[in-house]
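Here is run-v8.txt, consisting of compact mmCIF, N, CA and C atoms and all ligand atoms:
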```
# COMPACT_ATOMS: atom_id res chain seq x y z
N MET A 1 132.74 11.86 -138.47
CA MET A 1 131.44 12.27 -137.93
C MET A 1 131.62 13.00 -136.61
N TYR A 2 132.40 12.37 -135.75
CA TYR A 2 132.62 12.95 -134.42
C TYR A 2 133.17 14.38 -134.54
N HIS A 3 134.19 14.52 -135.40
CA HIS A 3 134.82 15.83 -135.52
C HIS A 3 133.86 16.88 -136.08
N THR A 4 133.03 16.45 -137.04
CA THR A 4 132.06 17.38 -137.62
C THR A 4 131.13 17.91 -136.54
N ALA A 5 130.65 17.01 -135.70
CA ALA A 5 129.71 17.42 -134.64
C ALA A 5 130.39 18.40 -133.69
N VAL A 6 131.63 18.10 -133.34
CA VAL A 6 132.35 18.99 -132.42
C VAL A 6 132.51 20.38 -133.05
N ASN A 7 132.88 20.38 -134.34
CA ASN A 7 133.06 21.67 -135.00
C ASN A 7 131.76 22.46 -135.07
N GLN A 8 130.66 21.76 -135.32
CA GLN A 8 129.37 22.46 -135.39
C GLN A 8 129.00 23.03 -134.03
N ALA A 9 129.19 22.21 -133.01
CA ALA A 9 128.86 22.68 -131.66
C ALA A 9 129.70 23.91 -131.34
N HIS A 10 130.94 23.87 -131.76
CA HIS A 10 131.81 25.00 -131.47
C HIS A 10 131.35 26.26 -132.19
N SER A 11 131.00 26.12 -133.48
CA SER A 11 130.63 27.32 -134.23
C SER A 11 129.28 27.86 -133.74
N ASP A 12 128.42 27.01 -133.15
CA ASP A 12 127.15 27.51 -132.61
C ASP A 12 127.37 28.45 -131.44
N THR A 13 128.41 28.19 -130.67
CA THR A 13 128.59 29.00 -129.46
C THR A 13 129.59 30.13 -129.68
N ALA A 14 130.36 30.06 -130.77
CA ALA A 14 131.35 31.13 -130.99
C ALA A 14 130.65 32.45 -131.24
N SER A 15 131.22 33.53 -130.75
CA SER A 15 130.62 34.84 -130.98
C SER A 15 130.91 35.28 -132.40
N PRO A 16 129.95 35.92 -133.04
CA PRO A 16 130.23 36.49 -134.36
C PRO A 16 131.21 37.65 -134.21
N ALA A 17 131.80 38.06 -135.32
CA ALA A 17 132.74 39.18 -135.29
C ALA A 17 132.01 40.44 -134.80
N PRO A 18 132.68 41.26 -134.02
CA PRO A 18 132.02 42.48 -133.56
C PRO A 18 131.77 43.46 -134.71
N LEU A 19 130.76 44.32 -134.55
CA LEU A 19 130.54 45.42 -135.48
C LEU A 19 131.59 46.48 -135.21
N VAL A 20 132.10 47.08 -136.27
CA VAL A 20 133.00 48.22 -136.12
C VAL A 20 132.14 49.48 -136.27
N VAL A 21 132.10 50.27 -135.23
CA VAL A 21 131.11 51.35 -135.15
C VAL A 21 131.80 52.70 -134.93
N ALA A 22 131.36 53.70 -135.71
CA ALA A 22 131.77 55.08 -135.46
C ALA A 22 130.80 55.67 -134.44
N VAL A 23 131.34 56.16 -133.33
CA VAL A 23 130.52 56.72 -132.25
C VAL A 23 130.84 58.20 -132.13
N GLU A 24 129.78 59.02 -132.02
CA GLU A 24 129.98 60.41 -131.61
C GLU A 24 129.42 60.54 -130.20
N PHE A 25 130.21 61.18 -129.34
CA PHE A 25 129.81 61.35 -127.95
C PHE A 25 129.00 62.62 -127.79
N GLY A 26 128.22 62.65 -126.72
CA GLY A 26 127.45 63.85 -126.41
C GLY A 26 125.98 63.51 -126.32
N GLN A 27 125.20 64.49 -125.95
CA GLN A 27 123.76 64.33 -125.84
C GLN A 27 123.15 65.56 -126.47
N PRO A 28 122.34 65.38 -127.53
CA PRO A 28 121.78 66.55 -128.20
C PRO A 28 121.04 67.46 -127.23
N LEU A 29 121.33 68.75 -127.26
CA LEU A 29 120.70 69.74 -126.39
C LEU A 29 119.74 70.59 -127.21
N ALA A 30 118.85 71.30 -126.52
CA ALA A 30 117.83 72.10 -127.20
C ALA A 30 118.46 73.16 -128.11
N ASN A 31 119.64 73.66 -127.75
CA ASN A 31 120.27 74.72 -128.55
C ASN A 31 121.05 74.17 -129.75
N GLY A 32 120.96 72.86 -130.01
CA GLY A 32 121.62 72.28 -131.17
C GLY A 32 123.02 71.80 -130.89
N ASP A 33 123.56 72.14 -129.74
CA ASP A 33 124.87 71.64 -129.37
C ASP A 33 124.75 70.22 -128.80
N CYS A 34 125.90 69.57 -128.67
CA CYS A 34 125.91 68.28 -127.99
C CYS A 34 126.55 68.50 -126.62
N GLY A 35 125.96 67.95 -125.60
CA GLY A 35 126.54 68.05 -124.26
C GLY A 35 127.78 67.18 -124.17
N HIS A 36 128.37 67.13 -123.01
CA HIS A 36 129.62 66.40 -122.86
C HIS A 36 129.49 65.10 -122.10
N VAL A 37 128.30 64.50 -122.16
CA VAL A 37 128.11 63.15 -121.64
C VAL A 37 127.27 62.37 -122.64
N GLY A 38 127.38 61.04 -122.59
CA GLY A 38 126.51 60.18 -123.37
C GLY A 38 126.95 59.95 -124.80
N ILE A 39 126.01 59.44 -125.59
CA ILE A 39 126.27 59.11 -126.99
C ILE A 39 125.33 59.91 -127.86
N CYS A 40 125.89 60.61 -128.84
CA CYS A 40 125.09 61.43 -129.77
C CYS A 40 124.59 60.57 -130.92
N ARG A 41 125.49 59.84 -131.55
CA ARG A 41 125.05 58.97 -132.65
C ARG A 41 126.00 57.81 -132.85
N THR A 42 125.48 56.74 -133.52
CA THR A 42 126.28 55.55 -133.79
C THR A 42 126.02 55.12 -135.23
N GLU A 43 127.05 54.63 -135.87
CA GLU A 43 126.89 54.16 -137.24
C GLU A 43 127.92 53.06 -137.49
N ASP A 44 127.44 51.85 -137.85
CA ASP A 44 128.43 50.81 -138.13
C ASP A 44 129.04 51.06 -139.49
N ILE A 45 130.35 50.91 -139.54
CA ILE A 45 131.13 51.35 -140.67
C ILE A 45 130.80 50.54 -141.93
N ALA A 46 130.30 49.29 -141.78
CA ALA A 46 129.93 48.48 -142.93
C ALA A 46 128.64 48.96 -143.59
N TYR A 47 127.84 49.78 -142.88
CA TYR A 47 126.55 50.25 -143.40
C TYR A 47 126.46 51.77 -143.31
N PRO A 48 127.29 52.48 -144.06
CA PRO A 48 127.26 53.94 -143.94
C PRO A 48 125.88 54.50 -144.28
N GLY A 49 125.44 55.48 -143.51
CA GLY A 49 124.13 56.08 -143.75
C GLY A 49 123.01 55.42 -142.97
N ALA A 50 123.25 54.22 -142.43
CA ALA A 50 122.21 53.50 -141.68
C ALA A 50 122.41 53.67 -140.19
N GLY A 51 122.86 54.83 -139.78
CA GLY A 51 123.11 55.06 -138.36
C GLY A 51 121.89 55.58 -137.64
N SER A 52 122.12 56.13 -136.46
CA SER A 52 121.01 56.55 -135.59
C SER A 52 120.62 58.00 -135.85
N GLY A 53 120.75 58.48 -137.07
CA GLY A 53 120.30 59.83 -137.38
C GLY A 53 121.43 60.82 -137.29
N PRO A 54 121.29 61.96 -137.98
CA PRO A 54 122.39 62.91 -138.04
C PRO A 54 122.65 63.57 -136.69
N CYS A 55 123.89 63.99 -136.51
CA CYS A 55 124.25 64.78 -135.33
C CYS A 55 123.67 66.17 -135.51
N PRO A 56 122.92 66.65 -134.49
CA PRO A 56 122.29 67.97 -134.63
C PRO A 56 123.25 69.14 -134.40
N SER A 57 124.47 68.83 -134.00
CA SER A 57 125.39 69.92 -133.65
C SER A 57 126.04 70.50 -134.90
N PRO A 58 126.13 71.83 -134.99
CA PRO A 58 126.86 72.44 -136.11
C PRO A 58 128.36 72.13 -136.04
N LYS A 59 128.87 71.99 -134.83
CA LYS A 59 130.24 71.50 -134.67
C LYS A 59 130.16 69.98 -134.59
N ARG A 60 131.20 69.28 -134.97
CA ARG A 60 131.11 67.83 -134.82
C ARG A 60 131.39 67.44 -133.38
N CYS A 61 130.69 66.42 -132.91
CA CYS A 61 130.93 65.93 -131.56
C CYS A 61 132.27 65.19 -131.52
N ARG A 62 132.78 65.04 -130.31
CA ARG A 62 133.97 64.19 -130.13
C ARG A 62 133.62 62.77 -130.56
N HIS A 63 134.60 62.05 -131.13
CA HIS A 63 134.25 60.75 -131.69
C HIS A 63 135.28 59.67 -131.36
N ALA A 64 134.87 58.43 -131.58
CA ALA A 64 135.71 57.26 -131.34
C ALA A 64 135.26 56.14 -132.25
N THR A 65 136.12 55.15 -132.42
CA THR A 65 135.72 53.90 -133.05
C THR A 65 135.53 52.88 -131.94
N ALA A 66 134.44 52.12 -132.02
CA ALA A 66 134.16 51.11 -131.01
C ALA A 66 133.90 49.76 -131.69
N LEU A 67 134.27 48.68 -131.00
CA LEU A 67 133.90 47.33 -131.42
C LEU A 67 132.69 46.93 -130.58
N VAL A 68 131.59 46.60 -131.26
CA VAL A 68 130.33 46.36 -130.56
C VAL A 68 129.97 44.89 -130.69
N SER A 69 129.64 44.27 -129.55
CA SER A 69 129.22 42.87 -129.57
C SER A 69 128.14 42.65 -128.52
N VAL A 70 127.63 41.41 -128.46
CA VAL A 70 126.56 41.08 -127.52
C VAL A 70 127.15 40.28 -126.37
N GLY A 71 126.88 40.69 -125.15
CA GLY A 71 127.38 40.01 -123.98
C GLY A 71 126.55 38.78 -123.62
N LEU A 72 126.96 38.09 -122.57
CA LEU A 72 126.31 36.83 -122.19
C LEU A 72 124.83 37.00 -121.87
N ARG A 73 124.45 38.12 -121.27
CA ARG A 73 123.05 38.32 -120.89
C ARG A 73 122.22 38.90 -122.03
N GLY A 74 122.80 39.02 -123.23
CA GLY A 74 122.06 39.57 -124.36
C GLY A 74 122.14 41.08 -124.44
N HIS A 75 122.99 41.68 -123.57
CA HIS A 75 123.14 43.13 -123.57
C HIS A 75 124.26 43.52 -124.54
N VAL A 76 124.27 44.77 -124.95
CA VAL A 76 125.27 45.22 -125.90
C VAL A 76 126.51 45.72 -125.16
N GLU A 77 127.67 45.43 -125.74
CA GLU A 77 128.95 45.87 -125.16
C GLU A 77 129.70 46.72 -126.17
N PHE A 78 130.23 47.85 -125.73
CA PHE A 78 131.04 48.72 -126.58
C PHE A 78 132.47 48.69 -126.06
N LEU A 79 133.43 48.33 -126.93
CA LEU A 79 134.84 48.51 -126.60
C LEU A 79 135.32 49.75 -127.37
N PHE A 80 135.48 50.88 -126.66
CA PHE A 80 135.93 52.12 -127.28
C PHE A 80 137.45 52.05 -127.42
N LEU A 81 137.94 52.08 -128.66
CA LEU A 81 139.36 51.85 -128.89
C LEU A 81 140.18 53.09 -128.53
N HIS A 82 141.15 52.89 -127.67
CA HIS A 82 141.97 53.99 -127.16
C HIS A 82 142.62 54.77 -128.31
N ASP A 83 143.19 54.03 -129.28
CA ASP A 83 143.94 54.68 -130.35
C ASP A 83 143.06 55.48 -131.31
N SER A 84 141.74 55.31 -131.23
CA SER A 84 140.84 56.03 -132.13
C SER A 84 140.42 57.39 -131.57
N MET A 85 140.85 57.69 -130.34
CA MET A 85 140.39 58.92 -129.69
C MET A 85 141.53 59.91 -129.46
N LEU A 86 141.16 61.20 -129.52
CA LEU A 86 142.11 62.23 -129.10
C LEU A 86 142.27 62.14 -127.58
N PRO A 87 143.46 62.54 -127.07
CA PRO A 87 143.66 62.49 -125.61
C PRO A 87 142.59 63.28 -124.84
N CYS A 88 142.13 64.41 -125.39
CA CYS A 88 141.11 65.19 -124.68
C CYS A 88 139.78 64.44 -124.62
N THR A 89 139.51 63.63 -125.63
CA THR A 89 138.27 62.84 -125.63
C THR A 89 138.36 61.73 -124.57
N VAL A 90 139.53 61.10 -124.48
CA VAL A 90 139.72 60.07 -123.44
C VAL A 90 139.50 60.69 -122.06
N ARG A 91 140.10 61.89 -121.86
CA ARG A 91 139.95 62.54 -120.55
C ARG A 91 138.49 62.90 -120.27
N ALA A 92 137.80 63.42 -121.30
CA ALA A 92 136.43 63.90 -121.09
C ALA A 92 135.46 62.76 -120.79
N PHE A 93 135.67 61.59 -121.39
CA PHE A 93 134.65 60.54 -121.29
C PHE A 93 135.09 59.31 -120.51
N PHE A 94 136.40 59.10 -120.33
CA PHE A 94 136.85 57.83 -119.73
C PHE A 94 137.76 58.00 -118.52
N ASP A 95 137.93 59.22 -118.03
CA ASP A 95 138.69 59.40 -116.80
C ASP A 95 137.89 58.99 -115.58
N ALA A 96 136.57 59.10 -115.67
CA ALA A 96 135.71 58.74 -114.53
C ALA A 96 135.60 57.21 -114.43
N GLU A 97 134.98 56.74 -113.35
CA GLU A 97 134.80 55.30 -113.19
C GLU A 97 133.62 54.79 -114.01
N ASP A 98 132.68 55.69 -114.30
CA ASP A 98 131.46 55.29 -115.01
C ASP A 98 131.30 56.09 -116.30
N PHE A 99 130.65 55.44 -117.26
CA PHE A 99 130.24 56.11 -118.48
C PHE A 99 128.76 56.43 -118.31
N GLU A 100 128.40 57.70 -118.51
CA GLU A 100 127.03 58.11 -118.22
C GLU A 100 126.21 58.26 -119.49
N ILE A 101 124.99 57.70 -119.46
CA ILE A 101 123.99 57.93 -120.51
C ILE A 101 122.89 58.75 -119.86
N PRO A 102 122.79 60.05 -120.17
CA PRO A 102 121.85 60.91 -119.45
C PRO A 102 120.39 60.66 -119.82
N GLY A 103 120.13 60.17 -121.03
CA GLY A 103 118.75 59.86 -121.42
C GLY A 103 118.76 58.58 -122.23
N ASP A 104 117.62 57.88 -122.29
CA ASP A 104 117.58 56.63 -123.06
C ASP A 104 118.06 56.89 -124.49
N TYR A 105 118.81 55.93 -125.03
CA TYR A 105 119.36 56.06 -126.38
C TYR A 105 118.99 54.80 -127.16
N THR A 106 118.47 54.98 -128.38
CA THR A 106 118.06 53.84 -129.20
C THR A 106 119.12 53.56 -130.27
N LEU A 107 119.58 52.32 -130.31
CA LEU A 107 120.59 51.91 -131.30
C LEU A 107 119.92 51.76 -132.66
N PRO A 108 120.70 51.82 -133.76
CA PRO A 108 120.12 51.67 -135.10
C PRO A 108 119.35 50.34 -135.22
N GLU A 109 118.17 50.42 -135.84
CA GLU A 109 117.25 49.28 -135.88
C GLU A 109 117.86 48.04 -136.53
N HIS A 110 118.67 48.22 -137.58
CA HIS A 110 119.18 47.05 -138.31
C HIS A 110 120.21 46.27 -137.49
N TRP A 111 120.65 46.82 -136.34
CA TRP A 111 121.58 46.07 -135.49
C TRP A 111 120.91 44.81 -134.95
N GLN A 112 119.57 44.84 -134.82
CA GLN A 112 118.87 43.66 -134.30
C GLN A 112 119.09 42.46 -135.21
N SER A 113 119.07 42.66 -136.54
CA SER A 113 119.28 41.52 -137.44
C SER A 113 120.77 41.17 -137.55
N LEU A 114 121.64 42.15 -137.33
CA LEU A 114 123.08 41.86 -137.35
C LEU A 114 123.51 41.12 -136.09
N MET A 115 122.78 41.36 -134.98
CA MET A 115 123.12 40.72 -133.69
C MET A 115 121.86 40.09 -133.11
N PRO A 116 121.49 38.88 -133.62
CA PRO A 116 120.21 38.28 -133.24
C PRO A 116 120.06 38.04 -131.73
N ARG A 117 121.17 37.87 -131.02
CA ARG A 117 121.05 37.60 -129.58
C ARG A 117 120.79 38.85 -128.75
N LEU A 118 120.82 40.00 -129.39
CA LEU A 118 120.62 41.27 -128.69
C LEU A 118 119.19 41.32 -128.14
N THR A 119 119.02 41.60 -126.86
CA THR A 119 117.68 41.59 -126.26
C THR A 119 117.00 42.95 -126.32
N SER A 120 117.75 44.03 -126.52
CA SER A 120 117.11 45.35 -126.57
C SER A 120 117.98 46.32 -127.35
N LEU A 121 117.30 47.18 -128.11
CA LEU A 121 118.01 48.24 -128.84
C LEU A 121 118.11 49.50 -128.00
N GLN A 122 117.56 49.49 -126.79
CA GLN A 122 117.58 50.66 -125.92
C GLN A 122 118.78 50.60 -124.99
N LEU A 123 119.53 51.69 -124.93
CA LEU A 123 120.49 51.87 -123.84
C LEU A 123 119.77 52.72 -122.81
N ALA A 124 119.52 52.15 -121.65
CA ALA A 124 118.77 52.87 -120.62
C ALA A 124 119.65 53.94 -120.00
N ALA A 125 119.02 55.07 -119.67
CA ALA A 125 119.73 56.13 -118.96
C ALA A 125 120.35 55.55 -117.69
N GLY A 126 121.57 55.97 -117.40
CA GLY A 126 122.21 55.47 -116.18
C GLY A 126 123.71 55.60 -116.28
N ARG A 127 124.37 55.05 -115.27
CA ARG A 127 125.84 55.07 -115.24
C ARG A 127 126.34 53.64 -115.34
N TYR A 128 127.32 53.41 -116.20
CA TYR A 128 127.82 52.06 -116.46
C TYR A 128 129.32 52.03 -116.18
N PRO A 129 129.79 51.03 -115.42
CA PRO A 129 131.22 50.96 -115.09
C PRO A 129 132.08 50.84 -116.35
N ILE A 130 133.20 51.54 -116.33
CA ILE A 130 134.17 51.47 -117.42
C ILE A 130 135.24 50.44 -117.03
N GLU A 131 135.46 49.44 -117.89
CA GLU A 131 136.54 48.48 -117.65
C GLU A 131 137.70 48.85 -118.57
N LYS A 132 138.80 49.26 -117.97
CA LYS A 132 139.95 49.67 -118.78
C LYS A 132 140.75 48.43 -119.21
N SER A 133 141.16 48.42 -120.47
CA SER A 133 142.02 47.33 -120.95
C SER A 133 143.10 47.96 -121.81
N GLU A 134 143.99 47.11 -122.33
CA GLU A 134 145.10 47.64 -123.12
C GLU A 134 144.60 48.32 -124.40
N SER A 135 143.54 47.74 -125.01
CA SER A 135 143.08 48.29 -126.29
C SER A 135 142.10 49.45 -126.10
N GLY A 136 141.51 49.57 -124.92
CA GLY A 136 140.56 50.67 -124.76
C GLY A 136 139.71 50.55 -123.52
N PHE A 137 138.43 50.92 -123.66
CA PHE A 137 137.52 51.02 -122.54
C PHE A 137 136.27 50.23 -122.87
N LEU A 138 135.97 49.21 -122.06
CA LEU A 138 134.81 48.36 -122.29
C LEU A 138 133.66 48.82 -121.41
N VAL A 139 132.51 49.04 -122.03
CA VAL A 139 131.31 49.40 -121.29
C VAL A 139 130.23 48.38 -121.66
N ARG A 140 129.70 47.70 -120.62
CA ARG A 140 128.62 46.71 -120.84
C ARG A 140 127.30 47.38 -120.47
N PHE A 141 126.44 47.61 -121.46
CA PHE A 141 125.19 48.32 -121.21
C PHE A 141 124.09 47.36 -120.78
ZN ZN B 201 126.61 65.23 -132.01
```

Using the file provided, produce a representation of the structure as structure tokens.
Ligand SMILES: [Zn+2]
Amino acid sequence: MYHTAVNQAHSDTASPAPLVVAVEFGQPLANGDCGHVGICRTEDIAYPGAGSGPCPSPKRCRHATALVSVGLRGHVEFLFLHDSMLPCTVRAFFDAEDFEIPGDYTLPEHWQSLMPRLTSLQLAAGRYPIEKSESGFLVRF
């Protein structure tokens, strides 16, 4: 009995596995191009087609794979995997101290049911510190 209770308590607090997400960088511009800051679109790889809408750029935006999870305050965290990016993409988006979101960005709606602890689907415009690690770049939104 004792062990069962301990195991249950443990599984209640353990974080679920992160979502594996394809991210395109950029910010849609009026001319159909994507700018060189922010996030253009996101799509979790387990649910192809259920992303945040098509990229409006005729050229494809720079891209990365990210592991997405919910932080302690209920905010979303993206770990952008270093090995998933071209060196020029790393330089363009992660050489600075902050990752910039130039305008509010809405995450795909079904992420709310995949991550019940998530408090908001909005990434507010702003600058977010980049935490460098061995596997990549962590940004807590
Ligand atoms: Zn794009």

Expected answer as a list in words: alpha helix (DSSP H) residues in chain A: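 Checking each residue of chain A, the alpha helix (DSSP H) ones are Tyr2, His3, Thr4, Ala5, Val6, Asn7, Gln8, Ala9, His10, Ser11, Asp12, Thr13, Pro87, Cys88, Thr89, Val90, Arg91, Ala92, Phe93, Phe94, Trp111, Gln112, Ser113 and Leu114 of chain A.
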
Which chain A residues have any atom within 6 Å of an atom of ligand ZN 201 (chain B), and for each, what is the nearest pair of atoms with distance in Å to one decimal, counting only N, CA and C atoms and all ligand atoms, rows sorted by chain and number, as JSON lines?
```
{"residue": "A:Glu24", "atom": "C", "partner": "B:ZN201", "partner_atom": "ZN", "distance": 5.8}
{"residue": "A:Phe25", "atom": "C", "partner": "B:ZN201", "partner_atom": "ZN", "distance": 5.5}
{"residue": "A:Gly26", "atom": "CA", "partner": "B:ZN201", "partner_atom": "ZN", "distance": 5.8}
{"residue": "A:Cys34", "atom": "CA", "partner": "B:ZN201", "partner_atom": "ZN", "distance": 5.1}
{"residue": "A:Cys40", "atom": "CA", "partner": "B:ZN201", "partner_atom": "ZN", "distance": 4.7}
{"residue": "A:Arg41", "atom": "N", "partner": "B:ZN201", "partner_atom": "ZN", "distance": 5.5}
{"residue": "A:Cys55", "atom": "CA", "partner": "B:ZN201", "partner_atom": "ZN", "distance": 4.1}
{"residue": "A:Pro56", "atom": "N", "partner": "B:ZN201", "partner_atom": "ZN", "distance": 4.7}
{"residue": "A:Ser57", "atom": "N", "partner": "B:ZN201", "partner_atom": "ZN", "distance": 4.6}
{"residue": "A:Arg60", "atom": "C", "partner": "B:ZN201", "partner_atom": "ZN", "distance": 5.4}
{"residue": "A:Cys61", "atom": "N", "partner": "B:ZN201", "partner_atom": "ZN", "distance": 4.3}
```

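Comparing the minimum interatomic distances between Pro102 (chain A) and each of A:Gly53, A:Gly136, A:Pro58, A:Gly38, counting all atoms listed in the file, we find that A:Gly38 sits nearest.
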
Pull the neighbourhood of (119.9, 39.0, -124.1) for me: all residues within 7 Å in file coordinates, counting all atoms listed in the file, as a list in words.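 Here the neighbourhood of the point contains Gly71, Leu72, Arg73, Gly74, His75, Arg117, Leu118, Thr119 and Ser120 of chain A.
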
Please indicate the distance in Å from atom C of Ala66 (chain A) to atom N of Ala96 (chain A), rounded to one decimal place.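 For atom C of Ala66 (chain A) relative to atom N of Ala96 (chain A), the distance reads 18.7 Å.
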
Skipping near chain neighbours, those fewer than 6 positions away, what residues fall within 6.5 Å of Glu43 (chain A) using all atoms listed in the file, listed as a short mmCIF file (atom, residue, chain, number, x, y, z; two decimals) with N, CA and C atoms, in the frame of the given file?
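In the end it all went to result25.cif:
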```
data_model
loop_
_atom_site.label_atom_id
_atom_site.label_comp_id
_atom_site.auth_asym_id
_atom_site.auth_seq_id
_atom_site.Cartn_x
_atom_site.Cartn_y
_atom_site.Cartn_z
N VAL A 20 132.10 47.08 -136.27
CA VAL A 20 133.00 48.22 -136.12
C VAL A 20 132.14 49.48 -136.27
N VAL A 21 132.10 50.27 -135.23
CA VAL A 21 131.11 51.35 -135.15
C VAL A 21 131.80 52.70 -134.93
N ALA A 22 131.36 53.70 -135.71
CA ALA A 22 131.77 55.08 -135.46
C ALA A 22 130.80 55.67 -134.44
N VAL A 23 131.34 56.16 -133.33
CA VAL A 23 130.52 56.72 -132.25
C VAL A 23 130.84 58.20 -132.13
N GLU A 24 129.78 59.02 -132.02
CA GLU A 24 129.98 60.41 -131.61
C GLU A 24 129.42 60.54 -130.20
N ALA A 50 123.25 54.22 -142.43
CA ALA A 50 122.21 53.50 -141.68
C ALA A 50 122.41 53.67 -140.19
N GLY A 51 122.86 54.83 -139.78
CA GLY A 51 123.11 55.06 -138.36
C GLY A 51 121.89 55.58 -137.64
N SER A 52 122.12 56.13 -136.46
CA SER A 52 121.01 56.55 -135.59
C SER A 52 120.62 58.00 -135.85
#
```

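Take atom C of Gly49 (chain A) and atom N of Gly32 (chain A): the distance between them is 21.8 Å.
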
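Reported to one decimal place, the separation of atom N of Leu123 (chain A) from atom N of Tyr105 (chain A) is 4.3 Å.
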